[in-house]
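Below is one structure, written out as structure tokens; comments come after it.
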Amino acid sequence: MPTRPQPPAPSSFEINVLPNTKALAEAGAREFARAAGDALSDRGVFRVALAGGSTPRALYRRLTQAPYRRAIRWDRIRFFWGDERCVPPGNERSNYRMARETLLQPLRIPASQVFRMEGEQQPAQAARSYENGLRREFRGRPVKLDLVLLGLGGDGHTASLFPGTAALAEERCLAVANFVPKLSEWRLSLTYRAINATRRIVFLVSGPEKAAVSAKILKKQSGWQDLPASCIGSRRGTLLWLLDQAAASRL
Ligand code: 6PG
């Protein structure tokens with residue numbers, strides 16, 4: 001079993017339970033806007049890693065509507081991803097395609113502000129070039145994203161950090177290609193090192209099928225430490241769990 005880092009104690013840890021998926025998307029949009037506002041006033045740029053899967057769709061769509069469409073300085077935002085499937089960008093499974101359709105295209109975000117993981121490339125090469133791109137973005141200074149949005153799988157995975165996979169033991173690289181035996185496929189993922197350096201980490205969790213794993217992690221039930229999402233926490237940043245009532249039903 002690959003080793004994995006002890007979860008750092010984030011400077012602030014919060015759990016917010018929302019009544020339904022609509023309220024979850026609204027809470028996520030508010031948090032996105034708050035993180036963007038703080039980053040833009042402090043540094044004039046906001047760098048965010050988007051989550052994949054299906055949960056974030058409603059959040060991304062909400063951001064394209066009032067008041068967020070006009071309230072956020074979209075021209076100062078640079079978009080990254082927490083993970084990607086090893087498929088071309090037009091593939092229906094692509095996390096980039098999902099975000100392009102629900103967020104980037106509706107807001108007319110130019111390609112110059114979008115840094116996708118190239119799922120169509122050879123996985124190890126794609127991970128290396130993603131890492132190089134991140135380091136270029138920070139001009140050699142420590143890579144420190146302003147916000148990472150994360151989902152949660154029923155097995156406790158987040159991004160593409162799946163239980164029992166090699167990426168869990170990665171402590172040097174910021175992005176890796178990670179073979180996931182249970183899916184029999186390669187994935188691209190930010191590592192704990194990259195994610196846990198982020199200023200704000202926000203989990204978005206929705207649905208009754210996430211209730212057991214959410215309780216296991218958040219109530220530290222037996223075996224919680226072995227779940228990848230349990231090892232997420234930003235030492236000098238904040239960790240916020242946003243769950244709808246269905247996902248939080250066993251908390
Ligand atoms: C992916 C994700 C993954 C996702 C969880 C939850 O590429 O699938 O990044 O970590 O966030 O599997 O997925 P849902 O939101 O679809 O439940």
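Residues are named by chain letter and number: chains run A, B, ... in the order of the structure tokens, numbers start at 1 in each chain, and ligands are numbered from 1 in the order shown.
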
Compile a residue-level contact table for chain A against ligand 1 at a cut-off of 6 Å, reporting for every qualifying residue the shortest atom pair and its distance in Å to one decimal, with only C-alpha atoms and all ligand atoms counted, rows ordered by chain and ascending number, as CSV.
residue,atom,partner,partner_atom_place_in_ligand_line,distance
A:Ala51,CA,ligand 1,9 (O),5.3
A:Gly52,CA,ligand 1,9 (O),3.9
A:Gly53,CA,ligand 1,16 (O),3.6
A:Ser54,CA,ligand 1,16 (O),3.7
A:Thr55,CA,ligand 1,15 (O),3.6
A:Asp83,CA,ligand 1,9 (O),5.4
A:Glu84,CA,ligand 1,7 (O),5.5
A:Leu150,CA,ligand 1,11 (O),5.7
A:Gly151,CA,ligand 1,11 (O),3.3
A:Leu152,CA,ligand 1,6 (C),4.5
A:Gly153,CA,ligand 1,12 (O),4.1
A:Thr158,CA,ligand 1,10 (O),4.1
A:Ala159,CA,ligand 1,10 (O),3.7
A:Ser160,CA,ligand 1,10 (O),5.3

field: Near-region 185-187 of chain A list (12 Å; only C-alpha atoms; drop same-chain fewer than 3 positions) as a ChimeraX atom specification
entry: /A:52,82-87,93-95,117-124,126-127,158-162,165-167,175-182,190-191

field: Test item: residues at most 12 Å from Pro142 (chain A), only C-alpha atoms, excluding those fewer than 2 positions along its chain, as a ChimeraX atom specification
entry: /A:134-140,144-145,174,193-194,197-198

message: I need the residue nearest Glu209 (chain A) from this list: A:Pro110, A:Gly237, A:Gly223, A:Gly156. Use only C-alpha atoms for the distance.
response: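 Nearest candidate to Glu209 (chain A) out of A:Pro110, A:Gly237, A:Gly223, A:Gly156: A:Gly156.
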
Counting only C-alpha atoms, which residues in region 65-142 of chain A sit no more than 12 Å from region 39-44 of chain A? For each one, give the nearest pair of atoms and the distance in Å, sorted by chain then residue number, as a Markdown table.
| residue | atom | partner | partner_atom | distance |
| --- | --- | --- | --- | --- |
| A:Ile72 | CA | A:Leu40 | CA | 9.7 |
| A:Arg73 | CA | A:Leu40 | CA | 8.3 |
| A:Trp74 | CA | A:Leu40 | CA | 10.5 |
| A:Asp75 | CA | A:Gly44 | CA | 10.6 |
| A:Arg76 | CA | A:Gly44 | CA | 7.1 |
| A:Ile77 | CA | A:Leu40 | CA | 8.7 |
| A:Arg78 | CA | A:Gly44 | CA | 11.2 |

Export all heavy atoms of the chosen residues as a PDB file, in the first residue's frame?
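The resulting file, part-v6.pdb, is shown below:
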ATOM      1  N   ILE A  72     -17.758  39.269 -11.066  1.00  0.00           N
ATOM      2  CA  ILE A  72     -16.401  38.704 -11.006  1.00  0.00           C
ATOM      3  C   ILE A  72     -15.588  39.211 -12.200  1.00  0.00           C
ATOM      4  O   ILE A  72     -16.067  39.260 -13.324  1.00  0.00           O
ATOM      5  CB  ILE A  72     -16.465  37.156 -11.006  1.00  0.00           C
ATOM      6  CG1 ILE A  72     -17.149  36.655  -9.719  1.00  0.00           C
ATOM      7  CG2 ILE A  72     -15.072  36.549 -11.138  1.00  0.00           C
ATOM      8  CD1 ILE A  72     -17.376  35.154  -9.665  1.00  0.00           C
ATOM      9  N   ARG A  73     -14.315  39.563 -11.951  1.00  0.00           N
ATOM     10  CA  ARG A  73     -13.414  40.040 -13.018  1.00  0.00           C
ATOM     11  C   ARG A  73     -12.884  38.817 -13.770  1.00  0.00           C
ATOM     12  O   ARG A  73     -11.767  38.356 -13.566  1.00  0.00           O
ATOM     13  CB  ARG A  73     -12.268  40.819 -12.394  1.00  0.00           C
ATOM     14  CG  ARG A  73     -12.612  42.228 -11.914  1.00  0.00           C
ATOM     15  CD  ARG A  73     -12.797  43.211 -13.073  1.00  0.00           C
ATOM     16  NE  ARG A  73     -11.733  43.139 -14.084  1.00  0.00           N
ATOM     17  CZ  ARG A  73     -10.574  43.812 -13.975  1.00  0.00           C
ATOM     18  NH1 ARG A  73     -10.332  44.536 -12.896  1.00  0.00           N
ATOM     19  NH2 ARG A  73      -9.658  43.720 -14.931  1.00  0.00           N
ATOM     20  N   TRP A  74     -13.689  38.279 -14.671  1.00  0.00           N
ATOM     21  CA  TRP A  74     -13.325  37.030 -15.352  1.00  0.00           C
ATOM     22  C   TRP A  74     -12.042  37.177 -16.161  1.00  0.00           C
ATOM     23  O   TRP A  74     -11.320  36.210 -16.388  1.00  0.00           O
ATOM     24  CB  TRP A  74     -14.487  36.576 -16.228  1.00  0.00           C
ATOM     25  CG  TRP A  74     -15.692  36.209 -15.417  1.00  0.00           C
ATOM     26  CD1 TRP A  74     -16.825  36.947 -15.242  1.00  0.00           C
ATOM     27  CD2 TRP A  74     -15.859  35.030 -14.618  1.00  0.00           C
ATOM     28  NE1 TRP A  74     -17.684  36.298 -14.388  1.00  0.00           N
ATOM     29  CE2 TRP A  74     -17.122  35.119 -13.995  1.00  0.00           C
ATOM     30  CE3 TRP A  74     -15.056  33.901 -14.363  1.00  0.00           C
ATOM     31  CZ2 TRP A  74     -17.616  34.139 -13.144  1.00  0.00           C
ATOM     32  CZ3 TRP A  74     -15.542  32.914 -13.511  1.00  0.00           C
ATOM     33  CH2 TRP A  74     -16.804  33.032 -12.918  1.00  0.00           C
ATOM     34  N   ASP A  75     -11.741  38.433 -16.570  1.00  0.00           N
ATOM     35  CA  ASP A  75     -10.526  38.636 -17.388  1.00  0.00           C
ATOM     36  C   ASP A  75      -9.260  38.473 -16.564  1.00  0.00           C
ATOM     37  O   ASP A  75      -8.164  38.397 -17.120  1.00  0.00           O
ATOM     38  CB  ASP A  75     -10.543  40.030 -18.026  1.00  0.00           C
ATOM     39  CG  ASP A  75     -10.542  41.125 -16.959  1.00  0.00           C
ATOM     40  OD1 ASP A  75     -11.244  40.964 -15.927  1.00  0.00           O
ATOM     41  OD2 ASP A  75      -9.809  42.112 -17.127  1.00  0.00           O
ATOM     42  N   ARG A  76      -9.387  38.382 -15.229  1.00  0.00           N
ATOM     43  CA  ARG A  76      -8.209  38.246 -14.361  1.00  0.00           C
ATOM     44  C   ARG A  76      -8.108  36.836 -13.773  1.00  0.00           C
ATOM     45  O   ARG A  76      -7.363  36.609 -12.830  1.00  0.00           O
ATOM     46  CB  ARG A  76      -8.280  39.256 -13.209  1.00  0.00           C
ATOM     47  CG  ARG A  76      -8.453  40.717 -13.603  1.00  0.00           C
ATOM     48  CD  ARG A  76      -7.263  41.246 -14.366  1.00  0.00           C
ATOM     49  NE  ARG A  76      -6.022  41.159 -13.578  1.00  0.00           N
ATOM     50  CZ  ARG A  76      -4.817  40.939 -14.102  1.00  0.00           C
ATOM     51  NH1 ARG A  76      -4.685  40.802 -15.412  1.00  0.00           N
ATOM     52  NH2 ARG A  76      -3.735  40.838 -13.349  1.00  0.00           N
ATOM     53  N   ILE A  77      -8.892  35.928 -14.302  1.00  0.00           N
ATOM     54  CA  ILE A  77      -8.915  34.572 -13.741  1.00  0.00           C
ATOM     55  C   ILE A  77      -8.215  33.590 -14.676  1.00  0.00           C
ATOM     56  O   ILE A  77      -8.405  33.625 -15.884  1.00  0.00           O
ATOM     57  CB  ILE A  77     -10.373  34.114 -13.486  1.00  0.00           C
ATOM     58  CG1 ILE A  77     -11.045  35.099 -12.524  1.00  0.00           C
ATOM     59  CG2 ILE A  77     -10.376  32.691 -12.937  1.00  0.00           C
ATOM     60  CD1 ILE A  77     -12.405  34.717 -12.054  1.00  0.00           C
ATOM     61  N   ARG A  78      -7.380  32.741 -14.105  1.00  0.00           N
ATOM     62  CA  ARG A  78      -6.643  31.741 -14.886  1.00  0.00           C
ATOM     63  C   ARG A  78      -7.091  30.364 -14.395  1.00  0.00           C
ATOM     64  O   ARG A  78      -7.051  30.086 -13.199  1.00  0.00           O
ATOM     65  CB  ARG A  78      -5.156  31.967 -14.728  1.00  0.00           C
ATOM     66  CG  ARG A  78      -4.823  33.369 -15.301  1.00  0.00           C
ATOM     67  CD  ARG A  78      -3.483  33.861 -14.911  1.00  0.00           C
ATOM     68  NE  ARG A  78      -2.399  33.244 -15.664  1.00  0.00           N
ATOM     69  CZ  ARG A  78      -2.045  33.557 -16.916  1.00  0.00           C
ATOM     70  NH1 ARG A  78      -2.727  34.491 -17.558  1.00  0.00           N
ATOM     71  NH2 ARG A  78      -1.038  32.951 -17.520  1.00  0.00           N
TER      72      ARG A  78
END

message: Residues within 12 Å of Pro67 (chain A), please, as an NGL selection string. Count only C-alpha atoms; anything in the same chain fewer than 5 positions from it doesn't count.
response: :A and (26 or 29-30 or 33 or 62 or 72-73)

query: Tell me, which residues of region 122-231 of chain A carry DSSP helix (DSSP H, G or I), written as an MDAnalysis selection string?
result: chainID A and resid 123:137 166:169 192:195 208:218 224:226 228:231

- prompt: Interatomic distance between CA of Ala58 (chain A) and CA of Leu227 (chain A)?
  reply: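 So the two atoms, CA of Ala58 (chain A) and CA of Leu227 (chain A), lie 25.8 Å apart.
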
task: Enumerate, as an MDAnalysis selection string, the complete set of residues in region 111-192 of chain A that a backbone-based DSSP assignment places in strand (DSSP E).
output: chainID A and resid 147:150 175:180 185:190

Output N, CA and C atoms for every residue in that selection, as a tab-separated table (two decimals), in the first residue's frame.
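What follows is the written file selection-v4.tsv:
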chain	number	residue	atom	x	y	z
A	147	LEU	N	-7.46	28.73	-5.26
A	147	LEU	CA	-8.62	27.90	-4.93
A	147	LEU	C	-8.54	26.58	-5.69
A	148	VAL	N	-8.80	25.49	-5.00
A	148	VAL	CA	-8.98	24.20	-5.67
A	148	VAL	C	-10.37	23.68	-5.31
A	149	LEU	N	-11.15	23.41	-6.33
A	149	LEU	CA	-12.46	22.79	-6.13
A	149	LEU	C	-12.27	21.29	-6.27
A	150	LEU	N	-12.86	20.53	-5.36
A	150	LEU	CA	-12.69	19.07	-5.39
A	150	LEU	C	-14.04	18.37	-5.24
A	175	ALA	N	2.09	17.30	-10.45
A	175	ALA	CA	1.08	16.65	-11.28
A	175	ALA	C	1.65	15.32	-11.76
A	176	VAL	N	0.80	14.30	-11.77
A	176	VAL	CA	1.26	12.96	-12.16
A	176	VAL	C	0.25	12.27	-13.06
A	177	ALA	N	0.76	11.28	-13.78
A	177	ALA	CA	-0.11	10.31	-14.44
A	177	ALA	C	-0.31	9.19	-13.43
A	178	ASN	N	-1.55	8.79	-13.25
A	178	ASN	CA	-1.84	7.81	-12.19
A	178	ASN	C	-2.69	6.68	-12.77
A	179	PHE	N	-2.16	5.44	-12.78
A	179	PHE	CA	-2.96	4.33	-13.29
A	179	PHE	C	-3.92	3.90	-12.20
A	180	VAL	N	-5.21	3.76	-12.58
A	180	VAL	CA	-6.26	3.41	-11.61
A	180	VAL	C	-6.78	2.02	-11.95
A	185	GLU	N	-7.70	2.39	-16.21
A	185	GLU	CA	-7.34	3.53	-17.06
A	185	GLU	C	-6.37	4.44	-16.37
A	186	TRP	N	-5.68	5.23	-17.18
A	186	TRP	CA	-4.78	6.26	-16.67
A	186	TRP	C	-5.59	7.52	-16.42
A	187	ARG	N	-5.15	8.28	-15.43
A	187	ARG	CA	-5.73	9.57	-15.14
A	187	ARG	C	-4.57	10.57	-14.97
A	188	LEU	N	-4.88	11.84	-15.09
A	188	LEU	CA	-3.91	12.91	-14.76
A	188	LEU	C	-4.43	13.59	-13.50
A	189	SER	N	-3.56	13.91	-12.57
A	189	SER	CA	-4.03	14.50	-11.32
A	189	SER	C	-2.99	15.41	-10.70
A	190	LEU	N	-3.47	16.49	-10.06
A	190	LEU	CA	-2.60	17.21	-9.15
A	190	LEU	C	-2.33	16.27	-7.98

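In this structure, CA of Tyr192 (chain A) sits 24.5 Å away from CA of Ala248 (chain A).
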
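A straight line drawn from CA of Asp146 (chain A) to CA of Arg199 (chain A) is 4.9 Å long.
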